[in-house]
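Asker: Input structure: entry-v7.pdb, which contains PDB, C-alpha atoms, pLDDT in the B column.
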```
MODEL        1
ATOM      1  CA  MET A1200       6.467  14.581  12.185  1.00 51.00           C
ATOM      2  CA  ILE A1201       6.800  11.854   9.581  1.00 56.00           C
ATOM      3  CA  MET A1202      10.034  13.394   8.353  1.00 55.00           C
ATOM      4  CA  ASP A1203      11.415  13.437  11.932  1.00 57.00           C
ATOM      5  CA  ASP A1204      10.527   9.753  12.339  1.00 56.00           C
ATOM      6  CA  MET A1205      12.193   8.959   9.028  1.00 52.00           C
ATOM      7  CA  ILE A1206      15.397  10.767  10.027  1.00 55.00           C
ATOM      8  CA  LYS A1207      15.414   9.316  13.542  1.00 61.00           C
ATOM      9  CA  ASN A1208      14.821   5.733  12.405  1.00 61.00           C
ATOM     10  CA  LYS A1209      16.967   6.123   9.303  1.00 69.00           C
ATOM     11  CA  PHE A1210      15.126   5.747   6.060  1.00 68.00           C
ATOM     12  CA  GLN A1211      13.222   2.495   5.793  1.00 87.00           C
ATOM     13  CA  PRO A1212      12.858   0.656   2.452  1.00 90.00           C
ATOM     14  CA  LEU A1213       9.098   1.253   2.251  1.00 91.00           C
ATOM     15  CA  GLU A1214       9.456   4.977   2.836  1.00 92.00           C
ATOM     16  CA  ILE A1215      12.256   5.251   0.276  1.00 92.00           C
ATOM     17  CA  THR A1216      10.185   3.320  -2.261  1.00 93.00           C
ATOM     18  CA  LEU A1217       7.179   5.575  -1.683  1.00 94.00           C
ATOM     19  CA  CYS A1218       9.324   8.683  -2.154  1.00 94.00           C
ATOM     20  CA  ILE A1219      10.806   7.307  -5.385  1.00 95.00           C
ATOM     21  CA  LEU A1220       7.355   6.392  -6.719  1.00 95.00           C
ATOM     22  CA  LEU A1221       5.986   9.834  -5.879  1.00 96.00           C
ATOM     23  CA  ILE A1222       8.908  11.540  -7.615  1.00 96.00           C
ATOM     24  CA  ALA A1223       8.502   9.203 -10.599  1.00 95.00           C
ATOM     25  CA  ILE A1224       4.811   9.954 -11.026  1.00 95.00           C
ATOM     26  CA  VAL A1225       5.483  13.694 -10.860  1.00 95.00           C
ATOM     27  CA  ILE A1226       8.265  13.463 -13.461  1.00 95.00           C
ATOM     28  CA  ILE A1227       6.233  11.232 -15.781  1.00 94.00           C
ATOM     29  CA  THR A1228       3.201  13.506 -15.557  1.00 93.00           C
ATOM     30  CA  PHE A1229       5.385  16.583 -16.121  1.00 94.00           C
ATOM     31  CA  ILE A1230       6.865  14.985 -19.247  1.00 93.00           C
ATOM     32  CA  GLN A1231       3.370  14.147 -20.452  1.00 92.00           C
ATOM     33  CA  VAL A1232       2.132  17.738 -19.977  1.00 92.00           C
ATOM     34  CA  LEU A1233       5.323  19.198 -21.451  1.00 92.00           C
ATOM     35  CA  PHE A1234       5.110  17.145 -24.618  1.00 91.00           C
ATOM     36  CA  ARG A1235       1.357  17.594 -25.047  1.00 89.00           C
ATOM     37  CA  TYR A1236       1.141  21.354 -24.538  1.00 89.00           C
ATOM     38  CA  VAL A1237       4.604  22.647 -25.437  1.00 88.00           C
ATOM     39  CA  PHE A1238       5.705  20.313 -28.214  1.00 88.00           C
ATOM     40  CA  GLN A1239       2.166  19.418 -29.391  1.00 86.00           C
ATOM     41  CA  LEU A1240       3.067  15.708 -29.283  1.00 87.00           C
ATOM     42  CA  SER A1241       1.175  13.101 -27.343  1.00 84.00           C
ATOM     43  CA  LEU A1242       3.261  10.406 -25.682  1.00 86.00           C
ATOM     44  CA  ALA A1243       1.028   7.397 -25.118  1.00 84.00           C
ATOM     45  CA  TRP A1244       3.447   5.571 -22.836  1.00 90.00           C
ATOM     46  CA  THR A1245       3.527   8.336 -20.209  1.00 90.00           C
ATOM     47  CA  GLU A1246      -0.157   8.021 -19.357  1.00 90.00           C
ATOM     48  CA  GLU A1247       0.036   4.251 -19.044  1.00 91.00           C
ATOM     49  CA  LEU A1248       3.254   4.336 -17.029  1.00 93.00           C
ATOM     50  CA  ALA A1249       1.843   6.994 -14.696  1.00 93.00           C
ATOM     51  CA  ARG A1250      -1.177   4.747 -14.130  1.00 93.00           C
ATOM     52  CA  PHE A1251       1.071   1.777 -13.323  1.00 95.00           C
ATOM     53  CA  VAL A1252       3.209   3.827 -10.937  1.00 95.00           C
ATOM     54  CA  PHE A1253       0.036   5.148  -9.297  1.00 96.00           C
ATOM     55  CA  LEU A1254      -1.159   1.572  -8.651  1.00 95.00           C
ATOM     56  CA  TRP A1255       2.107   0.816  -6.879  1.00 96.00           C
ATOM     57  CA  LEU A1256       2.001   4.091  -4.982  1.00 96.00           C
ATOM     58  CA  ALA A1257      -1.555   3.460  -3.788  1.00 95.00           C
ATOM     59  CA  SER A1258      -0.936  -0.140  -2.713  1.00 95.00           C
ATOM     60  CA  LEU A1259       2.251   0.636  -0.840  1.00 95.00           C
ATOM     61  CA  SER A1260       0.754   3.758   0.739  1.00 95.00           C
ATOM     62  CA  ILE A1261      -2.086   1.688   2.166  1.00 93.00           C
ATOM     63  CA  ALA A1262       0.475  -0.708   3.637  1.00 93.00           C
ATOM     64  CA  TYR A1263       2.429   2.251   5.025  1.00 93.00           C
ATOM     65  CA  ALA A1264      -0.741   3.512   6.701  1.00 92.00           C
ATOM     66  CA  PHE A1265      -1.114   0.068   8.306  1.00 89.00           C
ATOM     67  CA  LYS A1266       2.463   0.401   9.553  1.00 90.00           C
ATOM     68  CA  LEU A1267       1.728   3.767  11.153  1.00 88.00           C
ATOM     69  CA  LYS A1268      -1.773   2.715  12.289  1.00 84.00           C
ATOM     70  CA  SER A1269      -3.144   5.837  10.661  1.00 83.00           C
ATOM     71  CA  HIS A1270      -6.246   4.480   8.947  1.00 77.00           C
ATOM     72  CA  PHE A1271      -9.565   6.008   9.898  1.00 76.00           C
ATOM     73  CA  ALA A1272     -11.186   4.347  12.913  1.00 69.00           C
ATOM     74  CA  LEU A1273     -14.435   4.898  14.770  1.00 69.00           C
ATOM     75  CA  THR A1274     -13.573   4.511  18.436  1.00 70.00           C
ATOM     76  CA  PHE A1275     -16.625   5.929  20.202  1.00 70.00           C
ATOM     77  CA  LEU A1276     -17.860   2.428  21.094  1.00 71.00           C
ATOM     78  CA  ILE A1277     -14.454   1.041  21.986  1.00 72.00           C
ATOM     79  CA  ASP A1278     -13.664   4.005  24.231  1.00 73.00           C
ATOM     80  CA  ARG A1279     -16.594   3.056  26.464  1.00 77.00           C
ATOM     81  CA  MET A1280     -15.436  -0.537  26.995  1.00 74.00           C
ATOM     82  CA  ASN A1281     -13.199  -1.802  29.762  1.00 80.00           C
ATOM     83  CA  ASP A1282      -9.683  -2.979  28.887  1.00 76.00           C
ATOM     84  CA  GLY A1283     -10.557  -6.689  28.773  1.00 77.00           C
ATOM     85  CA  TYR A1284     -13.257  -6.176  26.160  1.00 81.00           C
ATOM     86  CA  LYS A1285     -11.038  -3.798  24.214  1.00 79.00           C
ATOM     87  CA  ARG A1286      -8.363  -6.485  23.904  1.00 83.00           C
ATOM     88  CA  ILE A1287     -10.895  -9.099  22.813  1.00 85.00           C
ATOM     89  CA  LEU A1288     -12.382  -6.757  20.215  1.00 83.00           C
ATOM     90  CA  TYR A1289      -8.878  -5.780  19.069  1.00 84.00           C
ATOM     91  CA  PHE A1290      -8.008  -9.425  18.370  1.00 89.00           C
ATOM     92  CA  ILE A1291     -11.367 -10.100  16.681  1.00 89.00           C
ATOM     93  CA  VAL A1292     -10.993  -7.098  14.363  1.00 87.00           C
ATOM     94  CA  ASN A1293      -7.399  -7.970  13.515  1.00 90.00           C
ATOM     95  CA  GLY A1294      -8.384 -11.590  12.915  1.00 93.00           C
ATOM     96  CA  ILE A1295     -11.118 -10.523  10.499  1.00 94.00           C
ATOM     97  CA  MET A1296      -8.689  -8.183   8.728  1.00 93.00           C
ATOM     98  CA  LEU A1297      -6.130 -10.981   8.429  1.00 96.00           C
ATOM     99  CA  ILE A1298      -8.699 -13.359   6.957  1.00 96.00           C
ATOM    100  CA  PHE A1299      -9.820 -10.697   4.477  1.00 96.00           C
ATOM    101  CA  LEU A1300      -6.228  -9.860   3.488  1.00 96.00           C
ATOM    102  CA  ILE A1301      -5.271 -13.521   3.044  1.00 97.00           C
ATOM    103  CA  ILE A1302      -8.254 -13.986   0.708  1.00 97.00           C
ATOM    104  CA  PHE A1303      -7.352 -10.701  -1.018  1.00 96.00           C
ATOM    105  CA  VAL A1304      -3.719 -11.744  -1.625  1.00 97.00           C
ATOM    106  CA  TRP A1305      -4.792 -15.198  -2.796  1.00 97.00           C
ATOM    107  CA  THR A1306      -7.290 -13.731  -5.265  1.00 96.00           C
ATOM    108  CA  ALA A1307      -4.795 -11.099  -6.432  1.00 95.00           C
ATOM    109  CA  THR A1308      -2.232 -13.846  -7.051  1.00 95.00           C
ATOM    110  CA  GLU A1309      -4.714 -15.889  -9.085  1.00 95.00           C
ATOM    111  CA  TYR A1310      -5.634 -12.807 -11.104  1.00 94.00           C
ATOM    112  CA  ASN A1311      -1.982 -11.907 -11.686  1.00 94.00           C
ATOM    113  CA  LEU A1312      -1.254 -15.368 -12.982  1.00 93.00           C
ATOM    114  CA  SER A1313      -4.153 -15.008 -15.427  1.00 93.00           C
ATOM    115  CA  VAL A1314      -2.873 -11.686 -16.852  1.00 91.00           C
ATOM    116  CA  ILE A1315       0.824 -12.513 -16.985  1.00 89.00           C
ATOM    117  CA  SER A1316       0.725 -12.907 -20.762  1.00 91.00           C
ATOM    118  CA  GLN A1317      -1.173  -9.636 -21.346  1.00 91.00           C
ATOM    119  CA  ILE A1318       0.985  -6.747 -22.430  1.00 91.00           C
ATOM    120  CA  GLY A1319       0.351  -3.040 -21.885  1.00 88.00           C
ATOM    121  CA  PRO A1320      -0.221  -1.494 -25.326  1.00 88.00           C
ATOM    122  CA  SER A1321       2.005   1.568 -24.854  1.00 87.00           C
ATOM    123  CA  THR A1322       4.730   0.430 -22.481  1.00 87.00           C
ATOM    124  CA  GLY A1323       5.066  -3.183 -23.563  1.00 87.00           C
ATOM    125  CA  LEU A1324       5.137  -4.251 -19.892  1.00 89.00           C
ATOM    126  CA  SER A1325       3.389  -7.373 -18.750  1.00 89.00           C
ATOM    127  CA  MET A1326       0.212  -6.543 -16.843  1.00 92.00           C
ATOM    128  CA  PHE A1327       1.700  -8.665 -14.068  1.00 93.00           C
ATOM    129  CA  VAL A1328       3.984  -5.732 -13.213  1.00 92.00           C
ATOM    130  CA  PRO A1329       1.324  -3.191 -12.174  1.00 93.00           C
ATOM    131  CA  TYR A1330      -1.099  -5.720 -10.707  1.00 94.00           C
ATOM    132  CA  SER A1331       1.566  -7.391  -8.589  1.00 94.00           C
ATOM    133  CA  SER A1332       1.384  -4.256  -6.451  1.00 95.00           C
ATOM    134  CA  LEU A1333      -1.795  -5.744  -4.982  1.00 95.00           C
ATOM    135  CA  ILE A1334       0.093  -8.826  -3.838  1.00 95.00           C
ATOM    136  CA  ILE A1335       3.018  -6.894  -2.365  1.00 95.00           C
ATOM    137  CA  GLY A1336       0.751  -4.328  -0.691  1.00 95.00           C
ATOM    138  CA  GLY A1337      -1.466  -7.067   0.725  1.00 95.00           C
ATOM    139  CA  LEU A1338       1.497  -9.035   2.065  1.00 96.00           C
ATOM    140  CA  LEU A1339       2.902  -5.905   3.698  1.00 95.00           C
ATOM    141  CA  MET A1340      -0.472  -5.206   5.324  1.00 95.00           C
ATOM    142  CA  ILE A1341      -0.554  -8.765   6.671  1.00 96.00           C
ATOM    143  CA  TYR A1342       2.993  -8.326   7.959  1.00 95.00           C
ATOM    144  CA  TYR A1343       2.200  -5.064   9.769  1.00 94.00           C
ATOM    145  CA  ILE A1344      -0.980  -6.457  11.323  1.00 93.00           C
ATOM    146  CA  LEU A1345       0.852  -9.566  12.547  1.00 94.00           C
ATOM    147  CA  GLN A1346       3.712  -7.421  13.832  1.00 92.00           C
ATOM    148  CA  ASP A1347       1.286  -5.271  15.818  1.00 89.00           C
ATOM    149  CA  VAL A1348      -0.650  -8.251  17.185  1.00 90.00           C
ATOM    150  CA  LEU A1349       2.522 -10.048  18.254  1.00 91.00           C
ATOM    151  CA  LYS A1350       3.825  -6.873  19.891  1.00 89.00           C
ATOM    152  CA  ASN A1351       0.585  -6.544  21.862  1.00 85.00           C
ATOM    153  CA  ILE A1352       0.680 -10.190  22.913  1.00 85.00           C
ATOM    154  CA  LYS A1353       4.329  -9.917  23.968  1.00 84.00           C
ATOM    155  CA  ASN A1354       3.939  -6.645  25.856  1.00 80.00           C
ATOM    156  CA  GLY A1355       0.434  -7.302  27.162  1.00 70.00           C
ATOM    157  CA  SER A1356      -0.092  -3.578  26.737  1.00 58.00           C
ATOM    158  CA  GLU A1357      -3.377  -1.788  26.409  1.00 54.00           C
ATOM    159  CA  VAL A1358      -4.764  -1.716  22.882  1.00 55.00           C
TER     160      VAL A1358
ENDMDL
END
```
Starting from the coordinates I provided, produce the structure as structure tokens.
Answerer:
Amino acid sequence: MIMDDMIKNKFQPLEITLCILLIAIVIITFIQVLFRYVFQLSLAWTEELARFVFLWLASLSIAYAFKLKSHFALTFLIDRMNDGYKRILYFIVNGIMLIFLIIFVWTATEYNLSVISQIGPSTGLSMFVPYSSLIIGGLLMIYYILQDVLKNIKNGSEV
């Protein structure tokens, strides 16, 4: 189903990025296992780089789930409400999520600025690189929530 949507809508940048990151983590981990067990050499940079790629993969995957509205939701209470209350609750929940995500992105930005001079011991990358995934993922989540809210306001459709 996801593959059909990707083909129908032409590949989107987020989906392409997620595919590249997934392929990268598989290749990096394969290299790590190959060198450790076949060549009896331990490459320190592969473990660190795989961890950094995993941070990006996780953050962007969460944002992608926001895009598809596929996060886990308990709807047994909402299903029993009439449409007016559903819409009100929908906007309250999205408002709370937006407030949380704005605070999250702000805090992640402050943290990133504090670690910009720290360097990963094996890769030599600034710690800003892996931790900036929190900022990008958070901003994408905010974008997808706002996009959904604006669509519902414009269409006036049922939530």
Asker: I'd like the neighbourhood of Val1348 in chain A as a PyMOL selection string, where a residue qualifies if any of its atoms comes within 9 Å (using only C-alpha atoms), though same-chain residues fewer than 3 positions away should be ignored.
Answerer: chain A and resi 1289-1290+1293+1343-1345+1351-1353
Asker: Okay, now the selection with C-alpha atoms, as a CSV table (one decimal), in the coordinates of the input?
Answerer:
```
chain,number,residue,atom,x,y,z
A,1289,TYR,CA,-8.9,-5.8,19.1
A,1290,PHE,CA,-8.0,-9.4,18.4
A,1293,ASN,CA,-7.4,-8.0,13.5
A,1343,TYR,CA,2.2,-5.1,9.8
A,1344,ILE,CA,-1.0,-6.5,11.3
A,1345,LEU,CA,0.9,-9.6,12.5
A,1351,ASN,CA,0.6,-6.5,21.9
A,1352,ILE,CA,0.7,-10.2,22.9
A,1353,LYS,CA,4.3,-9.9,24.0
```
Asker: Using all atoms listed in the file, can you tell me which of A:Leu1267, A:Val1252, A:Ile1335, A:Arg1286 comes closest to Ile1222 in chain A?
Answerer: A:Val1252
Asker: Near range 1318-1330 of chain A, counting only C-alpha atoms, which residues have an atom at most 8 Å away, once you skip same-chain residues fewer than 3 positions from it, shown as a ChimeraX atom specification?
Answerer: /A:1243-1244,1247-1248,1251-1252,1254-1255,1307,1311-1312,1314-1315,1333-1334
Asker: So which one's closest to Leu1213 in chain A, A:Ile1302, A:Val1237, A:Met1340, A:Ile1295? Using only C-alpha atoms, please.
Answerer: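 Nearest to Leu1213 in chain A: A:Met1340.
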Asker: Evaluating the PyMOL selection byres ((chain A and resi 1341) around 10) on the displayed file yields which residues, as a ChimeraX atom specification?
Answerer: /A:1262,1265,1293,1296-1301,1304,1335-1340,1342-1347
Asker: Export, as a PDB file, in the frame of the given file, the selected residues with C-alpha atoms.
Answerer:
```pdb
ATOM      1  CA  ALA A1262       0.475  -0.708   3.637  1.00 93.00           C
ATOM      2  CA  PHE A1265      -1.114   0.068   8.306  1.00 89.00           C
ATOM      3  CA  ASN A1293      -7.399  -7.970  13.515  1.00 90.00           C
ATOM      4  CA  MET A1296      -8.689  -8.183   8.728  1.00 93.00           C
ATOM      5  CA  LEU A1297      -6.130 -10.981   8.429  1.00 96.00           C
ATOM      6  CA  ILE A1298      -8.699 -13.359   6.957  1.00 96.00           C
ATOM      7  CA  PHE A1299      -9.820 -10.697   4.477  1.00 96.00           C
ATOM      8  CA  LEU A1300      -6.228  -9.860   3.488  1.00 96.00           C
ATOM      9  CA  ILE A1301      -5.271 -13.521   3.044  1.00 97.00           C
ATOM     10  CA  VAL A1304      -3.719 -11.744  -1.625  1.00 97.00           C
ATOM     11  CA  ILE A1335       3.018  -6.894  -2.365  1.00 95.00           C
ATOM     12  CA  GLY A1336       0.751  -4.328  -0.691  1.00 95.00           C
ATOM     13  CA  GLY A1337      -1.466  -7.067   0.725  1.00 95.00           C
ATOM     14  CA  LEU A1338       1.497  -9.035   2.065  1.00 96.00           C
ATOM     15  CA  LEU A1339       2.902  -5.905   3.698  1.00 95.00           C
ATOM     16  CA  MET A1340      -0.472  -5.206   5.324  1.00 95.00           C
ATOM     17  CA  TYR A1342       2.993  -8.326   7.959  1.00 95.00           C
ATOM     18  CA  TYR A1343       2.200  -5.064   9.769  1.00 94.00           C
ATOM     19  CA  ILE A1344      -0.980  -6.457  11.323  1.00 93.00           C
ATOM     20  CA  LEU A1345       0.852  -9.566  12.547  1.00 94.00           C
ATOM     21  CA  GLN A1346       3.712  -7.421  13.832  1.00 92.00           C
ATOM     22  CA  ASP A1347       1.286  -5.271  15.818  1.00 89.00           C
TER      23      ASP A1347
END
```
Asker: For a test of reading the model, state the distance in Å between CA of Met1280 in chain A and CA of Gly1294 in chain A, rounded to one decimal.
Answerer: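 Between CA of Met1280 in chain A and CA of Gly1294 in chain A the gap works out to 19.2 Å.
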Asker: Could you model N, CA and C atoms for range 1284-1305 of chain A and present them as a PDB file, in the frame of the given file?
Answerer:
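So result-v5.pdb came out as:
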```
ATOM      1  N   TYR A1284     -12.445  -6.116  27.369  1.00 81.00           N
ATOM      2  CA  TYR A1284     -13.257  -6.176  26.160  1.00 81.00           C
ATOM      3  C   TYR A1284     -12.559  -5.502  24.982  1.00 81.00           C
ATOM      4  N   LYS A1285     -11.791  -4.460  25.274  1.00 79.00           N
ATOM      5  CA  LYS A1285     -11.038  -3.798  24.214  1.00 79.00           C
ATOM      6  C   LYS A1285     -10.044  -4.765  23.576  1.00 79.00           C
ATOM      7  N   ARG A1286      -9.348  -5.528  24.422  1.00 83.00           N
ATOM      8  CA  ARG A1286      -8.363  -6.485  23.904  1.00 83.00           C
ATOM      9  C   ARG A1286      -9.036  -7.570  23.077  1.00 83.00           C
ATOM     10  N   ILE A1287     -10.178  -8.062  23.555  1.00 85.00           N
ATOM     11  CA  ILE A1287     -10.895  -9.099  22.813  1.00 85.00           C
ATOM     12  C   ILE A1287     -11.339  -8.554  21.459  1.00 85.00           C
ATOM     13  N   LEU A1288     -11.923  -7.368  21.457  1.00 83.00           N
ATOM     14  CA  LEU A1288     -12.382  -6.757  20.215  1.00 83.00           C
ATOM     15  C   LEU A1288     -11.212  -6.463  19.280  1.00 83.00           C
ATOM     16  N   TYR A1289     -10.086  -6.044  19.859  1.00 84.00           N
ATOM     17  CA  TYR A1289      -8.878  -5.780  19.069  1.00 84.00           C
ATOM     18  C   TYR A1289      -8.458  -7.039  18.321  1.00 84.00           C
ATOM     19  N   PHE A1290      -8.434  -8.189  19.014  1.00 89.00           N
ATOM     20  CA  PHE A1290      -8.008  -9.425  18.370  1.00 89.00           C
ATOM     21  C   PHE A1290      -9.049  -9.925  17.365  1.00 89.00           C
ATOM     22  N   ILE A1291     -10.325  -9.704  17.635  1.00 89.00           N
ATOM     23  CA  ILE A1291     -11.367 -10.100  16.681  1.00 89.00           C
ATOM     24  C   ILE A1291     -11.240  -9.283  15.394  1.00 89.00           C
ATOM     25  N   VAL A1292     -11.105  -7.976  15.535  1.00 87.00           N
ATOM     26  CA  VAL A1292     -10.993  -7.098  14.363  1.00 87.00           C
ATOM     27  C   VAL A1292      -9.751  -7.438  13.556  1.00 87.00           C
ATOM     28  N   ASN A1293      -8.625  -7.623  14.239  1.00 90.00           N
ATOM     29  CA  ASN A1293      -7.399  -7.970  13.515  1.00 90.00           C
ATOM     30  C   ASN A1293      -7.496  -9.345  12.868  1.00 90.00           C
ATOM     31  N   GLY A1294      -8.176 -10.270  13.518  1.00 93.00           N
ATOM     32  CA  GLY A1294      -8.384 -11.590  12.915  1.00 93.00           C
ATOM     33  C   GLY A1294      -9.219 -11.499  11.648  1.00 93.00           C
ATOM     34  N   ILE A1295     -10.280 -10.710  11.685  1.00 94.00           N
ATOM     35  CA  ILE A1295     -11.118 -10.523  10.499  1.00 94.00           C
ATOM     36  C   ILE A1295     -10.319  -9.852   9.380  1.00 94.00           C
ATOM     37  N   MET A1296      -9.515  -8.852   9.738  1.00 93.00           N
ATOM     38  CA  MET A1296      -8.689  -8.183   8.728  1.00 93.00           C
ATOM     39  C   MET A1296      -7.683  -9.156   8.123  1.00 93.00           C
ATOM     40  N   LEU A1297      -7.086 -10.007   8.953  1.00 96.00           N
ATOM     41  CA  LEU A1297      -6.130 -10.981   8.429  1.00 96.00           C
ATOM     42  C   LEU A1297      -6.800 -11.964   7.476  1.00 96.00           C
ATOM     43  N   ILE A1298      -7.977 -12.437   7.845  1.00 96.00           N
ATOM     44  CA  ILE A1298      -8.699 -13.359   6.957  1.00 96.00           C
ATOM     45  C   ILE A1298      -9.011 -12.677   5.629  1.00 96.00           C
ATOM     46  N   PHE A1299      -9.522 -11.437   5.697  1.00 96.00           N
ATOM     47  CA  PHE A1299      -9.820 -10.697   4.477  1.00 96.00           C
ATOM     48  C   PHE A1299      -8.567 -10.517   3.628  1.00 96.00           C
ATOM     49  N   LEU A1300      -7.448 -10.118   4.245  1.00 96.00           N
ATOM     50  CA  LEU A1300      -6.228  -9.860   3.488  1.00 96.00           C
ATOM     51  C   LEU A1300      -5.632 -11.129   2.894  1.00 96.00           C
ATOM     52  N   ILE A1301      -5.757 -12.249   3.597  1.00 97.00           N
ATOM     53  CA  ILE A1301      -5.271 -13.521   3.044  1.00 97.00           C
ATOM     54  C   ILE A1301      -6.081 -13.882   1.797  1.00 97.00           C
ATOM     55  N   ILE A1302      -7.406 -13.729   1.879  1.00 97.00           N
ATOM     56  CA  ILE A1302      -8.254 -13.986   0.708  1.00 97.00           C
ATOM     57  C   ILE A1302      -7.918 -12.998  -0.407  1.00 97.00           C
ATOM     58  N   PHE A1303      -7.697 -11.735  -0.039  1.00 96.00           N
ATOM     59  CA  PHE A1303      -7.352 -10.701  -1.018  1.00 96.00           C
ATOM     60  C   PHE A1303      -6.054 -11.044  -1.750  1.00 96.00           C
ATOM     61  N   VAL A1304      -5.015 -11.420  -1.004  1.00 97.00           N
ATOM     62  CA  VAL A1304      -3.719 -11.744  -1.625  1.00 97.00           C
ATOM     63  C   VAL A1304      -3.853 -12.990  -2.493  1.00 97.00           C
ATOM     64  N   TRP A1305      -4.589 -13.968  -2.016  1.00 97.00           N
ATOM     65  CA  TRP A1305      -4.792 -15.198  -2.796  1.00 97.00           C
ATOM     66  C   TRP A1305      -5.484 -14.882  -4.122  1.00 97.00           C
TER      67      TRP A1305
END
```
